[in-house]
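S.K.: What follows is the file data08.cif, containing mmCIF, C-alpha atoms:
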data_final
#
loop_
_atom_site.label_atom_id
_atom_site.label_comp_id
_atom_site.auth_asym_id
_atom_site.auth_seq_id
_atom_site.Cartn_x
_atom_site.Cartn_y
_atom_site.Cartn_z
CA MET X 1 -14.69 9.07 -9.88
CA GLN X 2 -16.64 7.27 -12.54
CA LYS X 3 -18.81 4.26 -11.62
CA PRO X 4 -16.83 2.02 -14.08
CA ALA X 5 -13.67 2.75 -12.08
CA LEU X 6 -15.34 1.43 -8.93
CA ASP X 7 -16.44 -1.67 -10.83
CA LEU X 8 -12.84 -2.20 -12.01
CA VAL X 9 -11.52 -1.99 -8.45
CA ILE X 10 -14.16 -4.44 -7.23
CA ALA X 11 -13.37 -6.83 -10.08
CA ALA X 12 -9.64 -6.64 -9.25
CA LEU X 13 -10.33 -7.38 -5.58
CA GLU X 14 -12.53 -10.34 -6.52
CA GLU X 15 -9.77 -11.64 -8.80
CA ILE X 16 -7.30 -11.41 -5.89
CA ARG X 17 -9.73 -13.37 -3.70
CA GLU X 18 -10.02 -16.11 -6.33
CA ARG X 19 -6.28 -16.41 -7.01
CA THR X 20 -4.93 -16.38 -3.44
CA ASP X 21 -5.76 -17.56 0.04
CA ARG X 22 -5.54 -13.99 1.28
CA THR X 23 -8.71 -11.96 1.43
CA PRO X 24 -8.32 -8.28 0.56
CA CYS X 25 -9.70 -5.99 3.24
CA ALA X 26 -12.27 -4.01 1.31
CA ASN X 27 -15.99 -4.18 0.74
CA ARG X 28 -18.43 -2.56 -1.64
CA THR X 29 -19.62 -0.06 1.00
CA SER X 30 -16.14 1.28 1.72
CA LEU X 31 -15.32 1.41 -1.99
CA GLU X 32 -18.54 3.26 -2.76
CA ARG X 33 -17.48 5.89 -0.22
CA LEU X 34 -14.70 6.68 -2.70
CA LEU X 35 -17.39 8.18 -4.91
CA GLU X 36 -17.77 10.90 -2.29
CA THR X 37 -14.06 11.91 -2.43
CA PRO X 38 -12.96 15.01 -4.35
CA SER X 39 -12.17 14.64 -8.02
CA SER X 40 -8.63 13.92 -9.16
CA THR X 41 -8.48 17.40 -10.72
CA THR X 42 -8.26 18.97 -7.25
CA PRO X 43 -4.73 18.65 -5.84
CA PHE X 44 -4.69 16.96 -2.44
CA ASP X 45 -2.61 19.72 -0.84
CA GLU X 46 -5.42 22.15 -1.65
CA ILE X 47 -7.92 19.87 0.06
CA ARG X 48 -5.98 19.11 3.23
CA PRO X 49 -2.69 20.92 3.74
CA THR X 50 -0.21 19.22 6.06
CA PRO X 51 0.35 21.54 9.02
CA ALA X 52 3.84 22.23 10.33
CA GLY X 53 4.73 19.34 12.60
CA GLY X 54 2.23 17.20 10.70
CA LYS X 55 2.18 13.46 10.23
CA LEU X 56 5.10 13.41 7.80
CA GLU X 57 7.36 15.06 10.37
CA ARG X 58 6.04 12.83 13.16
CA LEU X 59 6.71 9.73 11.05
CA ALA X 60 10.38 10.65 10.49
CA PRO X 61 11.65 9.43 13.91
CA LEU X 62 9.63 6.23 13.53
CA ARG X 63 11.12 5.67 10.06
CA GLU X 64 14.60 6.08 11.59
CA ARG X 65 13.85 3.57 14.38
CA VAL X 66 12.51 1.05 11.88
CA ALA X 67 15.56 1.44 9.63
CA VAL X 68 17.93 0.16 12.33
CA CYS X 69 15.56 -2.29 14.05
CA THR X 70 16.94 -5.80 14.73
CA LYS X 71 14.22 -7.10 17.07
CA CYS X 72 13.50 -9.92 14.60
CA PRO X 73 17.03 -11.19 13.90
CA HIS X 74 15.93 -13.59 11.15
CA LEU X 75 14.24 -10.73 9.27
CA ALA X 76 16.96 -8.16 9.91
CA SER X 77 19.66 -10.54 8.66
CA SER X 78 17.86 -11.37 5.42
CA ARG X 79 16.80 -7.86 4.38
CA THR X 80 18.65 -5.39 2.19
CA GLN X 81 16.82 -2.49 3.83
CA THR X 82 13.57 -1.77 5.61
CA VAL X 83 10.53 -0.79 3.59
CA PHE X 84 8.59 2.04 5.21
CA GLY X 85 5.33 3.53 3.98
CA VAL X 86 5.16 6.03 1.12
CA GLY X 87 2.68 8.59 -0.10
CA ASN X 88 0.50 11.13 1.63
CA PRO X 89 0.25 10.32 5.36
CA ASP X 90 -2.83 12.56 5.52
CA ALA X 91 -4.59 10.54 2.81
CA GLU X 92 -8.08 9.22 3.39
CA ILE X 93 -7.10 5.95 1.70
CA MET X 94 -4.36 3.60 2.84
CA PHE X 95 -3.31 0.37 1.18
CA ILE X 96 -1.63 -2.16 3.47
CA GLY X 97 0.27 -5.20 2.29
CA GLU X 98 1.59 -8.16 4.25
CA ALA X 99 5.35 -7.84 3.75
CA PRO X 100 7.84 -6.54 1.20
CA GLY X 101 8.96 -8.82 -1.61
CA ALA X 102 12.32 -8.91 -3.35
CA ASP X 103 11.57 -5.85 -5.53
CA GLU X 104 10.41 -3.85 -2.54
CA ASP X 105 13.45 -4.89 -0.49
CA ALA X 106 15.76 -3.81 -3.32
CA GLN X 107 14.07 -0.42 -3.86
CA GLY X 108 12.98 0.35 -0.29
CA GLU X 109 9.43 1.17 -1.34
CA PRO X 110 6.25 -0.89 -0.86
CA PHE X 111 4.33 -2.33 -3.82
CA VAL X 112 6.80 -1.81 -6.67
CA GLY X 113 6.72 -5.35 -8.14
CA LYS X 114 3.91 -6.97 -10.14
CA ALA X 115 1.38 -6.43 -7.36
CA GLY X 116 2.51 -2.81 -7.18
CA GLN X 117 1.93 -2.33 -10.89
CA LEU X 118 -1.63 -3.62 -10.46
CA LEU X 119 -2.13 -1.44 -7.39
CA THR X 120 -0.90 1.62 -9.29
CA ARG X 121 -3.39 0.93 -12.12
CA ILE X 122 -6.20 0.53 -9.58
CA ILE X 123 -5.24 3.77 -7.83
CA GLN X 124 -5.08 5.64 -11.16
CA THR X 125 -8.42 4.19 -12.25
CA MET X 126 -9.89 5.48 -9.00
CA GLY X 127 -8.76 8.96 -10.06
CA PHE X 128 -5.74 9.24 -7.77
CA ALA X 129 -1.97 9.07 -8.07
CA ARG X 130 0.24 6.92 -5.83
CA ALA X 131 1.36 10.10 -4.07
CA ASP X 132 -2.28 10.84 -3.13
CA VAL X 133 -2.70 7.69 -1.01
CA TYR X 134 -0.55 6.06 1.67
CA ILE X 135 0.95 2.65 0.96
CA ALA X 136 2.66 0.46 3.56
CA ASN X 137 3.17 -3.12 4.72
CA ILE X 138 2.53 -4.73 8.09
CA LEU X 139 6.13 -6.01 8.16
CA LYS X 140 8.86 -3.58 7.21
CA CYS X 141 11.41 -6.30 6.35
CA ARG X 142 11.43 -8.93 3.65
CA ASN X 143 11.39 -12.49 4.92
CA ALA X 144 13.52 -14.17 2.27
CA ASN X 145 12.72 -17.62 3.67
CA MET X 146 8.97 -17.10 3.30
CA SER X 147 9.45 -15.84 -0.26
CA ILE X 148 11.22 -19.07 -1.17
CA LEU X 149 8.40 -21.13 0.31
CA SER X 150 5.67 -19.14 -1.45
CA ASP X 151 7.55 -19.40 -4.78
CA ARG X 152 7.45 -23.19 -4.45
CA THR X 153 3.70 -23.26 -3.84
CA ASN X 154 2.75 -20.95 -6.72
#
Show the structure stored in the file as C-alpha coordinates.

M.R.:
Amino acid sequence: MQKPALDLVIAALEEIRERTDRTPCANRTSLERLLETPSSTTPFDEIRPTPAGGKLERLAPLRERVAVCTKCPHLASSRTQTVFGVGNPDAEIMFIGEAPGADEDAQGEPFVGKAGQLLTRIIQTMGFARADVYIANILKCRNANMSILSDRTN
(Lines of atoms letter the chains of each structure in order from A and count residues from 1; the text may use other names and numbers.)
(Lines give C-alpha, C1' and ligand atoms only; values in the text may rest on other atoms or scores of the structure.)
Protein backbone atom coordinates (compact mmCIF):
# COMPACT_ATOMS: atom_id res chain seq x y z
CA MET A 1 0.00 0.00 0.00
CA GLN A 2 1.21 3.47 -0.81
CA LYS A 3 1.75 6.02 1.97
CA PRO A 4 -0.76 8.44 0.31
CA ALA A 5 -3.47 5.79 0.67
CA LEU A 6 -2.85 5.66 4.43
CA ASP A 7 -3.04 9.45 4.56
CA LEU A 8 -6.37 9.34 2.69
CA VAL A 9 -7.80 6.84 5.18
CA ILE A 10 -6.64 8.94 8.12
CA ALA A 11 -8.11 12.08 6.55
CA ALA A 12 -11.44 10.28 6.00
CA LEU A 13 -11.51 9.11 9.63
CA GLU A 14 -10.74 12.64 10.85
CA GLU A 15 -13.56 13.98 8.67
CA ILE A 16 -15.94 11.44 10.24
CA ARG A 17 -14.84 12.58 13.70
CA GLU A 18 -15.53 16.22 12.82
CA ARG A 19 -18.94 15.61 11.23
CA THR A 20 -20.48 13.23 13.78
CA ASP A 21 -20.59 12.55 17.49
CA ARG A 22 -19.34 9.04 16.86
CA THR A 23 -15.63 8.40 17.06
CA PRO A 24 -14.29 5.87 14.56
CA CYS A 25 -12.31 3.09 16.20
CA ALA A 26 -8.96 3.41 14.49
CA ASN A 27 -5.66 5.05 15.25
CA ARG A 28 -2.54 5.86 13.29
CA THR A 29 -0.63 2.88 14.74
CA SER A 30 -3.23 0.32 13.66
CA LEU A 31 -3.55 1.94 10.24
CA GLU A 32 0.22 1.96 9.76
CA ARG A 33 0.17 -1.80 10.38
CA LEU A 34 -1.73 -1.98 7.09
CA LEU A 35 1.55 -1.09 5.40
CA GLU A 36 2.82 -4.50 6.49
CA THR A 37 -0.04 -6.41 4.77
CA PRO A 38 0.52 -8.15 1.43
CA SER A 39 0.01 -6.15 -1.73
CA SER A 40 -3.36 -6.12 -3.45
CA THR A 41 -1.83 -8.04 -6.36
CA THR A 42 -1.67 -11.20 -4.23
CA PRO A 43 -5.10 -12.85 -4.00
CA PHE A 44 -6.21 -13.37 -0.41
CA ASP A 45 -7.02 -17.05 -0.95
CA GLU A 46 -3.36 -17.60 -1.85
CA ILE A 47 -2.29 -15.94 1.39
CA ARG A 48 -4.66 -17.67 3.78
CA PRO A 49 -6.86 -20.42 2.37
CA THR A 50 -10.04 -21.14 4.32
CA PRO A 51 -9.82 -24.72 5.59
CA ALA A 52 -12.76 -27.09 5.29
CA GLY A 53 -15.04 -26.33 8.21
CA GLY A 54 -13.56 -22.84 8.35
CA LYS A 55 -15.11 -19.66 9.66
CA LEU A 56 -17.50 -19.26 6.74
CA GLU A 57 -19.06 -22.65 7.45
CA ARG A 58 -19.11 -21.99 11.20
CA LEU A 59 -20.87 -18.66 10.61
CA ALA A 60 -23.70 -20.26 8.59
CA PRO A 61 -25.69 -21.55 11.61
CA LEU A 62 -25.25 -18.20 13.35
CA ARG A 63 -26.49 -16.39 10.24
CA GLU A 64 -29.58 -18.65 10.25
CA ARG A 65 -30.27 -17.95 13.95
CA VAL A 66 -29.93 -14.21 13.41
CA ALA A 67 -32.27 -14.29 10.39
CA VAL A 68 -35.21 -15.51 12.50
CA CYS A 69 -34.33 -13.76 15.77
CA THR A 70 -37.16 -11.83 17.49
CA LYS A 71 -35.52 -11.20 20.87
CA CYS A 72 -35.87 -7.44 20.30
CA PRO A 73 -39.52 -7.22 19.18
CA HIS A 74 -39.32 -3.52 18.29
CA LEU A 75 -36.37 -4.19 15.96
CA ALA A 76 -37.75 -7.42 14.50
CA SER A 77 -41.08 -5.76 13.69
CA SER A 78 -39.51 -2.79 11.90
CA ARG A 79 -36.93 -4.63 9.78
CA THR A 80 -37.30 -5.98 6.26
CA GLN A 81 -34.55 -8.53 6.90
CA THR A 82 -31.50 -8.99 9.08
CA VAL A 83 -28.16 -7.69 7.89
CA PHE A 84 -25.35 -10.14 8.58
CA GLY A 85 -21.66 -9.59 7.89
CA VAL A 86 -20.14 -9.94 4.42
CA GLY A 87 -16.69 -10.48 3.02
CA ASN A 88 -13.80 -12.69 4.02
CA PRO A 89 -14.28 -13.98 7.57
CA ASP A 90 -10.56 -14.81 7.66
CA ALA A 91 -9.61 -11.21 6.85
CA GLU A 92 -7.12 -9.37 9.00
CA ILE A 93 -9.27 -6.23 8.75
CA MET A 94 -12.86 -5.90 9.91
CA PHE A 95 -15.05 -2.83 9.64
CA ILE A 96 -17.87 -2.63 12.18
CA GLY A 97 -20.79 -0.23 11.97
CA GLU A 98 -23.45 0.59 14.52
CA ALA A 99 -26.63 -0.61 12.80
CA PRO A 100 -28.04 -1.06 9.30
CA GLY A 101 -29.76 1.87 7.62
CA ALA A 102 -32.65 1.78 5.16
CA ASP A 103 -30.43 0.82 2.20
CA GLU A 104 -28.80 -1.98 4.16
CA ASP A 105 -32.17 -3.25 5.40
CA ALA A 106 -33.49 -3.32 1.83
CA GLN A 107 -30.45 -5.13 0.38
CA GLY A 108 -29.48 -7.29 3.36
CA GLU A 109 -25.84 -6.21 3.22
CA PRO A 110 -23.95 -3.83 5.53
CA PHE A 111 -22.58 -0.51 4.29
CA VAL A 112 -24.28 -0.17 0.90
CA GLY A 113 -25.62 3.39 1.29
CA LYS A 114 -23.61 6.64 1.21
CA ALA A 115 -21.39 5.54 4.09
CA GLY A 116 -20.83 2.26 2.26
CA GLN A 117 -19.75 4.06 -0.89
CA LEU A 118 -17.17 5.99 1.15
CA LEU A 119 -16.06 2.81 2.90
CA THR A 120 -15.64 1.04 -0.44
CA ARG A 121 -13.44 3.90 -1.73
CA ILE A 122 -11.35 3.76 1.45
CA ILE A 123 -10.96 -0.02 1.16
CA GLN A 124 -9.96 0.26 -2.51
CA THR A 125 -7.51 3.06 -1.75
CA MET A 126 -5.95 0.78 0.86
CA GLY A 127 -5.33 -1.72 -1.94
CA PHE A 128 -8.13 -4.15 -1.09
CA ALA A 129 -11.54 -5.08 -2.43
CA ARG A 130 -14.68 -5.31 -0.27
CA ALA A 131 -14.46 -9.10 -0.56
CA ASP A 132 -10.97 -9.01 1.01
CA VAL A 133 -12.18 -7.56 4.34
CA TYR A 134 -15.07 -8.41 6.65
CA ILE A 135 -17.84 -5.86 7.11
CA ALA A 136 -20.58 -6.10 9.74
CA ASN A 137 -22.71 -4.10 12.16
CA ILE A 138 -23.17 -4.44 15.91
CA LEU A 139 -26.95 -4.65 15.43
CA LYS A 140 -28.24 -6.91 12.70
CA CYS A 141 -31.63 -5.16 12.40
CA ARG A 142 -32.53 -1.67 11.32
CA ASN A 143 -34.17 0.44 13.99
CA ALA A 144 -36.56 2.48 11.86
CA ASN A 145 -37.49 4.68 14.83
CA MET A 146 -33.87 5.68 15.45
CA SER A 147 -33.40 6.46 11.75
CA ILE A 148 -36.31 8.89 11.88
CA LEU A 149 -34.83 10.62 14.93
CA SER A 150 -31.35 10.89 13.40
CA ASP A 151 -32.82 12.27 10.15
CA ARG A 152 -34.42 15.08 12.16
CA THR A 153 -31.16 16.02 13.87
CA ASN A 154 -29.03 16.07 10.71

S.K.: Enclose segment 76-92 of chain X, meaning all of its atoms listed in the file, in a box aligned along x, y and z, pad it by 5 Å on each side, and list the centre and edge lengths in Å to one decimal, as AutoDock Vina command-line options.

M.R.:
--center_x 5.8 --center_y 0.6 --center_z 4.9 --size_x 37.7 --size_y 33.9 --size_z 20.0

S.K.: Can you list what the PyMOL selection byres ((chain X and resi 94-108) around 7) grabs from this structure, as a list of chain:residue names?

M.R.: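 Matching residues under the PyMOL selection byres ((chain X and resi 94-108) around 7) are X:Arg79, X:Thr80, X:Gln81, X:Thr82, X:Val83, X:Ala91, X:Glu92, X:Ile93, X:Glu109, X:Pro110, X:Phe111, X:Val112, X:Gly113, X:Val133, X:Tyr134, X:Ile135, X:Ala136, X:Asn137, X:Ile138, X:Leu139, X:Lys140, X:Cys141, X:Arg142.
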
S.K.: Work out how far atom CA of Arg17 of chain X is from atom CA of Leu118 of chain X, in Å to one decimal.

M.R.: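 Value for the atom CA of Leu118 of chain X-atom CA of Arg17 of chain X distance: 14.4 Å.
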
S.K.: Which of these, X:Ala115, X:Cys69, X:Ile123, X:Ala144, has the shortest distance to Val9 of chain X once you count only C-alpha atoms?

M.R.: X:Ile123

S.K.: For atom CA of Met126 of chain X and atom CA of Gly85 of chain X, quote the distance in Å rounded to one decimal.

M.R.: 20.1 Å

S.K.: Give the answer as one residue: which of X:Arg121, X:Lys114, X:Arg19, X:Arg130 has the shortest atom-to-atom distance to Pro89 of chain X, using only C-alpha atoms?

M.R.: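 Nearest to Pro89 of chain X: X:Arg130.
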
S.K.: Just the number, please: distance in Å from atom CA of Val66 of chain X to atom CA of Ala129 of chain X, one decimal.

M.R.: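 Separating atom CA of Val66 of chain X from atom CA of Ala129 of chain X is a distance of 25.9 Å.
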